[in-house]
$ cat query-v2.txt   # compact mmCIF, C-alpha atoms
# COMPACT_ATOMS: atom_id res chain seq x y z
CA MET A 16 -20.63 -2.57 -23.09
CA HIS A 17 -21.24 -2.43 -19.35
CA LEU A 18 -24.81 -1.28 -18.62
CA PRO A 19 -25.54 -0.38 -14.97
CA LEU A 20 -28.26 -2.53 -13.43
CA ASN A 21 -29.88 0.33 -11.50
CA ALA A 22 -30.17 2.38 -14.67
CA LEU A 23 -31.83 -0.51 -16.48
CA ARG A 24 -34.27 -0.97 -13.58
CA ALA A 25 -35.13 2.72 -13.72
CA PHE A 26 -35.65 2.52 -17.48
CA ASP A 27 -37.87 -0.57 -17.12
CA ALA A 28 -40.10 1.08 -14.50
CA ALA A 29 -40.32 4.36 -16.39
CA ALA A 30 -41.14 2.56 -19.65
CA ARG A 31 -44.00 0.68 -17.98
CA HIS A 32 -45.48 3.69 -16.20
CA LEU A 33 -44.42 6.44 -18.65
CA ASN A 34 -44.27 8.59 -15.53
CA LEU A 35 -41.21 9.37 -13.42
CA THR A 36 -43.15 9.82 -10.19
CA ARG A 37 -44.86 6.40 -10.40
CA ALA A 38 -41.59 4.74 -11.42
CA ALA A 39 -39.89 6.30 -8.38
CA LEU A 40 -42.66 5.07 -6.06
CA GLU A 41 -42.31 1.52 -7.42
CA LEU A 42 -38.54 1.44 -6.86
CA HIS A 43 -38.67 3.37 -3.55
CA VAL A 44 -36.31 6.09 -4.76
CA THR A 45 -36.67 9.77 -5.59
CA GLN A 46 -37.86 11.10 -8.92
CA ALA A 47 -34.47 12.80 -9.28
CA ALA A 48 -32.74 9.42 -8.94
CA ILE A 49 -34.89 7.95 -11.72
CA SER A 50 -34.08 10.90 -13.98
CA GLN A 51 -30.37 10.59 -13.25
CA HIS A 52 -30.30 6.85 -13.99
CA ILE A 53 -32.14 7.31 -17.29
CA ARG A 54 -29.84 10.18 -18.29
CA GLN A 55 -26.83 8.00 -17.45
CA LEU A 56 -28.19 5.20 -19.65
CA GLU A 57 -28.96 7.57 -22.52
CA ASP A 58 -25.47 9.07 -22.31
CA GLN A 59 -23.88 5.63 -22.41
CA LEU A 60 -26.00 4.52 -25.38
CA GLY A 61 -25.70 7.85 -27.16
CA LYS A 62 -29.43 7.79 -27.91
CA PRO A 63 -32.48 9.39 -26.26
CA LEU A 64 -34.84 6.78 -24.85
CA PHE A 65 -37.72 9.05 -23.84
CA ARG A 66 -39.32 12.25 -25.01
CA ARG A 67 -40.28 14.46 -22.07
CA LEU A 68 -43.90 15.61 -22.32
CA PRO A 69 -45.79 18.18 -20.22
CA ARG A 70 -47.58 15.28 -18.52
CA GLY A 71 -45.37 12.21 -18.46
CA LEU A 72 -43.07 10.50 -20.95
CA ALA A 73 -43.16 8.94 -24.39
CA LEU A 74 -40.73 6.31 -25.65
CA THR A 75 -38.52 7.08 -28.62
CA ASP A 76 -38.00 4.43 -31.32
CA GLU A 77 -34.77 3.43 -29.57
CA GLY A 78 -36.59 3.17 -26.23
CA MET A 79 -39.35 1.01 -27.74
CA ALA A 80 -36.72 -1.32 -29.21
CA LEU A 81 -35.04 -1.69 -25.80
CA VAL A 82 -38.20 -2.37 -23.75
CA PRO A 83 -38.83 -6.06 -24.65
CA ALA A 84 -35.18 -7.04 -24.19
CA VAL A 85 -34.98 -5.42 -20.75
CA ALA A 86 -38.33 -6.87 -19.64
CA GLN A 87 -37.29 -10.37 -20.76
CA ALA A 88 -33.93 -10.09 -19.01
CA PHE A 89 -35.48 -9.01 -15.70
CA GLY A 90 -38.11 -11.75 -16.01
CA SER A 91 -35.45 -14.44 -16.52
CA LEU A 92 -33.44 -13.09 -13.60
CA SER A 93 -36.50 -13.06 -11.34
CA ARG A 94 -37.37 -16.68 -12.18
CA ALA A 95 -33.78 -17.81 -11.61
CA LEU A 96 -33.63 -16.08 -8.23
CA ALA A 97 -36.94 -17.67 -7.21
CA GLN A 98 -35.51 -21.12 -7.97
CA VAL A 99 -32.34 -20.39 -6.02
CA GLN A 100 -34.35 -19.17 -3.04
CA ASP A 101 -36.58 -22.26 -3.09
CA ARG A 102 -34.99 -24.32 -0.33
CA ARG A 103 -37.05 -27.43 -1.06
CA PRO A 104 -34.94 -30.21 -2.61
CA HIS A 105 -35.98 -31.31 -6.07
CA GLU A 106 -38.06 -34.48 -6.03
CA VAL A 107 -38.32 -36.94 -8.91
CA LEU A 108 -41.94 -37.90 -9.65
CA SER A 109 -42.49 -40.82 -12.03
CA VAL A 110 -45.99 -40.87 -13.50
CA GLY A 111 -47.49 -43.38 -15.92
CA VAL A 112 -50.14 -41.76 -18.11
CA VAL A 113 -52.52 -43.39 -20.56
CA GLY A 114 -51.54 -41.93 -23.94
CA THR A 115 -54.91 -40.38 -24.79
CA PHE A 116 -54.97 -38.37 -21.55
CA ALA A 117 -51.31 -37.38 -21.90
CA VAL A 118 -51.70 -35.92 -25.39
CA GLY A 119 -55.27 -34.66 -25.21
CA TRP A 120 -55.29 -33.13 -21.72
CA LEU A 121 -52.02 -33.14 -19.77
CA LEU A 122 -49.45 -31.84 -22.27
CA PRO A 123 -51.29 -28.57 -23.03
CA ARG A 124 -51.27 -27.80 -19.27
CA LEU A 125 -47.85 -29.17 -18.34
CA ARG A 126 -45.96 -25.88 -18.59
CA ALA A 127 -48.29 -24.31 -16.01
CA PHE A 128 -47.53 -27.14 -13.57
CA GLN A 129 -43.78 -26.90 -14.11
CA GLU A 130 -43.75 -23.12 -13.61
CA ALA A 131 -45.84 -23.36 -10.43
CA HIS A 132 -43.96 -26.34 -8.93
CA ALA A 133 -40.36 -26.17 -10.10
CA PHE A 134 -39.16 -28.49 -7.32
CA VAL A 135 -40.93 -31.45 -8.98
CA ASP A 136 -38.72 -33.26 -11.49
CA LEU A 137 -41.51 -34.90 -13.48
CA ARG A 138 -40.88 -38.09 -15.47
CA LEU A 139 -43.76 -39.17 -17.75
CA PHE A 140 -44.26 -42.68 -19.12
CA THR A 141 -47.17 -43.43 -21.47
CA HIS A 142 -49.06 -46.71 -21.35
CA ASN A 143 -52.11 -48.36 -22.93
CA ASN A 144 -54.05 -48.66 -19.67
CA ARG A 145 -52.23 -51.79 -18.56
CA VAL A 146 -50.42 -50.72 -15.40
CA ASP A 147 -48.12 -52.42 -12.88
CA LEU A 148 -47.15 -49.64 -10.48
CA ALA A 149 -44.83 -51.77 -8.38
CA GLY A 150 -43.22 -53.50 -11.36
CA GLU A 151 -42.63 -50.26 -13.29
CA GLY A 152 -41.45 -48.35 -10.22
CA TRP A 153 -43.88 -45.51 -10.85
CA ASP A 154 -45.07 -43.23 -8.05
CA CYS A 155 -48.56 -42.99 -9.54
CA ALA A 156 -50.46 -43.57 -12.76
CA ILE A 157 -53.36 -42.03 -14.64
CA ARG A 158 -55.57 -44.70 -16.17
CA PHE A 159 -59.07 -45.20 -17.56
CA GLY A 160 -61.69 -47.41 -15.98
CA ASP A 161 -64.09 -47.73 -13.07
CA GLY A 162 -61.60 -46.85 -10.33
CA ALA A 163 -61.51 -50.37 -8.85
CA TRP A 164 -57.99 -51.77 -9.01
CA HIS A 165 -56.74 -54.19 -6.36
CA GLY A 166 -54.39 -52.65 -3.80
CA THR A 167 -54.72 -49.23 -5.41
CA ALA A 168 -56.08 -45.92 -4.14
CA ALA A 169 -57.87 -44.00 -6.89
CA ARG A 170 -59.05 -40.39 -7.23
CA GLN A 171 -61.44 -39.57 -10.06
CA LEU A 172 -60.16 -36.90 -12.45
CA LEU A 173 -62.41 -36.67 -15.50
CA GLN A 174 -65.50 -38.38 -16.82
CA ALA A 175 -64.98 -39.22 -20.48
CA PRO A 176 -68.07 -40.61 -22.27
CA LEU A 177 -67.38 -42.06 -25.70
CA THR A 178 -68.87 -40.45 -28.81
CA PRO A 179 -68.87 -41.59 -32.46
CA MET A 180 -66.27 -39.46 -34.27
CA CYS A 181 -65.08 -39.49 -37.85
CA ALA A 182 -63.77 -37.43 -40.75
CA PRO A 183 -66.07 -34.69 -42.14
CA ALA A 184 -66.75 -36.60 -45.39
CA ILE A 185 -68.15 -39.58 -43.44
CA ALA A 186 -69.98 -37.36 -40.96
CA ALA A 187 -71.97 -35.85 -43.82
CA ARG A 188 -73.62 -39.27 -44.31
CA LEU A 189 -74.62 -39.69 -40.65
CA GLN A 190 -77.94 -38.21 -39.57
CA GLN A 191 -79.11 -40.79 -37.02
CA PRO A 192 -77.62 -43.76 -35.12
CA ALA A 193 -78.96 -46.35 -37.61
CA ASP A 194 -76.80 -44.77 -40.35
CA LEU A 195 -73.70 -46.19 -38.66
CA ALA A 196 -74.65 -49.69 -39.82
CA ARG A 197 -73.37 -48.79 -43.30
CA GLU A 198 -69.97 -47.59 -42.07
CA THR A 199 -66.74 -49.26 -41.02
CA LEU A 200 -66.66 -49.19 -37.23
CA LEU A 201 -63.13 -48.93 -35.88
CA ARG A 202 -62.30 -50.76 -32.65
CA THR A 203 -59.73 -50.94 -29.86
CA TYR A 204 -58.69 -53.83 -27.64
CA ARG A 205 -61.59 -52.87 -25.31
CA ALA A 206 -64.11 -55.29 -26.77
CA GLY A 207 -67.84 -54.70 -26.65
CA GLU A 208 -67.99 -50.90 -26.83
CA TRP A 209 -69.82 -50.73 -30.14
CA GLU A 210 -72.19 -53.51 -29.03
CA GLN A 211 -73.00 -51.49 -25.89
CA TRP A 212 -73.48 -48.27 -27.86
CA PHE A 213 -75.97 -49.88 -30.28
CA ALA A 214 -77.79 -51.70 -27.47
CA GLN A 215 -78.13 -48.43 -25.55
CA ASN A 216 -79.77 -46.93 -28.66
CA LYS A 217 -82.04 -49.99 -29.11
CA LEU A 218 -80.39 -51.06 -32.36
CA ALA A 219 -78.78 -54.29 -33.50
CA CYS A 220 -75.01 -54.01 -33.77
CA PRO A 221 -73.83 -54.60 -37.36
CA SER A 222 -71.01 -56.92 -38.24
CA LEU A 223 -67.71 -55.44 -37.03
CA ARG A 224 -64.80 -55.56 -39.46
CA GLY A 225 -61.54 -53.81 -40.07
CA THR A 226 -58.39 -53.15 -38.08
CA VAL A 227 -58.29 -53.33 -34.28
CA PHE A 228 -56.09 -50.68 -32.63
CA ASP A 229 -54.25 -50.87 -29.31
CA SER A 230 -54.40 -47.10 -28.69
CA SER A 231 -57.11 -44.46 -28.84
CA LEU A 232 -54.54 -42.09 -30.37
CA THR A 233 -53.97 -44.30 -33.41
CA LEU A 234 -57.70 -45.05 -33.50
CA ALA A 235 -58.45 -41.32 -33.68
CA GLU A 236 -55.84 -40.79 -36.39
CA ALA A 237 -57.38 -43.61 -38.45
CA ALA A 238 -60.79 -41.99 -38.09
CA ALA A 239 -59.39 -38.57 -39.08
CA GLN A 240 -57.90 -40.14 -42.21
CA GLY A 241 -61.30 -41.48 -43.24
CA LEU A 242 -60.83 -45.18 -42.42
CA GLY A 243 -64.09 -45.37 -40.48
CA VAL A 244 -65.96 -44.22 -37.36
CA ALA A 245 -64.42 -44.49 -33.89
CA LEU A 246 -65.83 -44.28 -30.38
CA LEU A 247 -63.65 -41.69 -28.65
CA PRO A 248 -63.72 -39.49 -25.52
CA LEU A 249 -64.82 -36.21 -27.03
CA ARG A 250 -63.24 -33.91 -24.45
CA LEU A 251 -59.74 -35.30 -25.14
CA PHE A 252 -59.90 -34.60 -28.87
CA SER A 253 -61.13 -30.99 -28.77
CA ARG A 254 -58.15 -29.76 -30.80
CA ASP A 255 -59.00 -32.17 -33.65
CA LEU A 256 -62.60 -30.96 -33.50
CA GLN A 257 -61.54 -27.32 -33.62
CA ALA A 258 -59.19 -28.04 -36.52
CA GLY A 259 -61.98 -29.82 -38.42
CA ARG A 260 -60.07 -33.10 -38.69
CA LEU A 261 -62.71 -34.93 -36.64
CA VAL A 262 -66.44 -34.40 -36.33
CA ALA A 263 -68.94 -35.70 -33.75
CA PRO A 264 -72.12 -35.91 -35.88
CA LEU A 265 -74.27 -37.81 -33.35
CA ALA A 266 -75.18 -36.76 -29.83
CA GLN A 267 -75.49 -40.26 -28.35
CA THR A 268 -72.68 -41.19 -25.95
CA LEU A 269 -71.56 -44.28 -24.04
CA ASP A 270 -70.26 -44.04 -20.48
CA THR A 271 -67.69 -46.79 -19.90
CA GLY A 272 -65.51 -45.16 -17.25
CA SER A 273 -63.46 -42.17 -16.17
CA TYR A 274 -59.83 -41.14 -15.88
CA TRP A 275 -58.34 -41.76 -12.43
CA LEU A 276 -55.13 -40.90 -10.60
CA THR A 277 -53.95 -44.10 -8.91
CA GLN A 278 -51.21 -45.07 -6.50
CA LEU A 279 -50.40 -48.07 -4.35
CA LYS A 280 -52.15 -48.09 -0.97
CA SER A 281 -48.96 -49.42 0.56
CA ARG A 282 -46.96 -46.39 -0.62
CA SER A 283 -46.75 -43.26 1.52
CA PRO A 284 -47.22 -40.21 -0.71
CA THR A 285 -44.28 -37.85 -1.11
CA LEU A 286 -44.60 -34.07 -1.24
CA ALA A 287 -44.25 -34.23 -5.04
CA MET A 288 -47.07 -36.81 -5.28
CA GLN A 289 -49.33 -34.71 -3.06
CA THR A 290 -48.54 -31.56 -5.04
CA PHE A 291 -49.25 -33.25 -8.38
CA GLU A 292 -52.52 -34.71 -7.10
CA ARG A 293 -53.77 -31.37 -5.77
CA TRP A 294 -52.88 -29.66 -9.04
CA LEU A 295 -54.61 -32.33 -11.14
CA LEU A 296 -57.80 -32.22 -9.08
CA ALA A 297 -57.89 -28.42 -9.22
CA GLN A 298 -57.36 -28.38 -12.98
CA CYS A 299 -59.96 -31.08 -13.63
CA GLY A 300 -62.42 -29.26 -11.39
CA GLN A 301 -62.22 -26.28 -13.73
CA GLU A 302 -62.58 -28.42 -16.87
CA GLN A 303 -65.73 -27.90 -18.93
CA PRO A 304 -66.94 -30.50 -21.45
CA PRO A 305 -66.66 -29.30 -25.07
CA ASP A 306 -69.76 -28.02 -26.84
CA THR A 307 -70.79 -30.93 -29.05
CA ARG A 308 -73.08 -28.67 -31.05
CA ALA A 309 -70.06 -26.72 -32.28
CA ALA A 310 -68.36 -29.97 -33.31
CA ALA A 311 -71.34 -31.45 -35.16
CA LEU A 312 -72.19 -30.70 -38.77
CA PRO A 313 -75.29 -28.55 -39.35

$ encode --input "query-v2.txt" --output "structure tokens"
Amino acid sequence: MHLPLNALRAFDAAARHLNLTRAALELHVTQAAISQHIRQLEDQLGKPLFRRLPRGLALTDEGMALVPAVAQAFGSLSRALAQVQDRRPHEVLSVGVVGTFAVGWLLPRLRAFQEAHAFVDLRLFTHNNRVDLAGEGWDCAIRFGDGAWHGTAARQLLQAPLTPMCAPAIAARLQQPADLARETLLRTYRAGEWEQWFAQNKLACPSLRGTVFDSSLTLAEAAAQGLGVALLPLRLFSRDLQAGRLVAPLAQTLDTGSYWLTQLKSRSPTLAMQTFERWLLAQCGQEQPPDTRAAALP
């Protein structure tokens, strides 16, 4: 069936406004033209789409069924036309991202970036904080640390203090920092974090035992499965906190670094690199740390 585009546009506007006059003003046509287009569409479908009221319109069941399909079709067409009209050539942007940041922060926001900056052809590569920008051929990388890497320009994105986190059953046993001495303390390749945390709280660090993990993601999963307590950046595991898989029973934190966007000083930034950096900084500027009170057990 061939459905006239102008009639569908008239139906879409009238369905949103439920008023022929306002629909005509939106489309810059006369009210009579809107009425004619809708009548043409109803004749072709053999179904009434509106009920005419003394003051405005009301959709029939058939009209209500048609509204979402028409709105989706016009939305898809509008987005496609916007891409065609964008005269900027697509640019490939290769970004290395430490896995914890990629899963806990970037992925939930990635669609917004892609919709706002369609000319960027983003390629993501995860890493465990060991980065060789030149060797990997990446344009930039997000990593964790103090921001001081030789030959590298760094922009701070997020502070990420570490907090003891564990499964709810273990959290129920933890009322104060000294209680951790009786638990298995999970570790990553970043040695010394637990020693620093206990020293900061004026406690002797207990004997450390158990598996050492090369990723905060696997470390967090081990903690969620009840294998022990892990030091994790709270703000990157908010979804696990909300789901109740992880709990942060103690308020004491350890500041060992931040997440940074890095690139070689010898590399001139492309438009895609500049766009990605501006977007990251804007998004991180709006970021609020999670409420640890909501995550802790009463």

$ residues_around --input "query-v2.txt" --residues "Gln171 of chain A" --least-positions-apart "2" --cutoff "9 Å" --atoms "all atoms listed in the file" --output "ChimeraX atom specification"
/A:162,169,173-174,273-277,296

$ residues_around --input "query-v2.txt" --residues "Val85 of chain A" --least-positions-apart "3" --cutoff "10 Å" --atoms "all atoms listed in the file" --output "PyMOL selection string"
chain A and resi 23-24+26-27+80-82+88-91

$ write_last_selection --input "query-v2.txt" --atoms "C-alpha atoms" --output "mmCIF file, in the frame of the given file"
data_model
loop_
_atom_site.group_PDB
_atom_site.id
_atom_site.type_symbol
_atom_site.label_atom_id
_atom_site.label_comp_id
_atom_site.auth_asym_id
_atom_site.auth_seq_id
_atom_site.Cartn_x
_atom_site.Cartn_y
_atom_site.Cartn_z
ATOM 1 C CA LEU A 23 -31.830 -0.510 -16.480
ATOM 2 C CA ARG A 24 -34.270 -0.970 -13.580
ATOM 3 C CA PHE A 26 -35.650 2.520 -17.480
ATOM 4 C CA ASP A 27 -37.870 -0.570 -17.120
ATOM 5 C CA ALA A 80 -36.720 -1.320 -29.210
ATOM 6 C CA LEU A 81 -35.040 -1.690 -25.800
ATOM 7 C CA VAL A 82 -38.200 -2.370 -23.750
ATOM 8 C CA ALA A 88 -33.930 -10.090 -19.010
ATOM 9 C CA PHE A 89 -35.480 -9.010 -15.700
ATOM 10 C CA GLY A 90 -38.110 -11.750 -16.010
ATOM 11 C CA SER A 91 -35.450 -14.440 -16.520
#

$ atom_distance --input "query-v2.txt" --atom1 "atom CA of Tyr204 of chain A" --atom2 "atom CA of Leu256 of chain A"
23.9 Å

$ closest_residue --input "query-v2.txt" --among "A:Phe291, A:Leu246, A:Ala175, A:Gly300" --to "Leu125 of chain A" --atoms "all atoms listed in the file"
A:Phe291

$ closest_residue --input "query-v2.txt" --among "A:Gly61, A:Leu121, A:Arg197, A:Ala168" --to "Pro284 of chain A" --atoms "all atoms listed in the file"
A:Ala168

$ closest_residue --input "query-v2.txt" --among "A:Ala73, A:Ala163, A:Leu242, A:Leu247" --to "Arg31 of chain A" --atoms "only C-alpha atoms"
A:Ala73
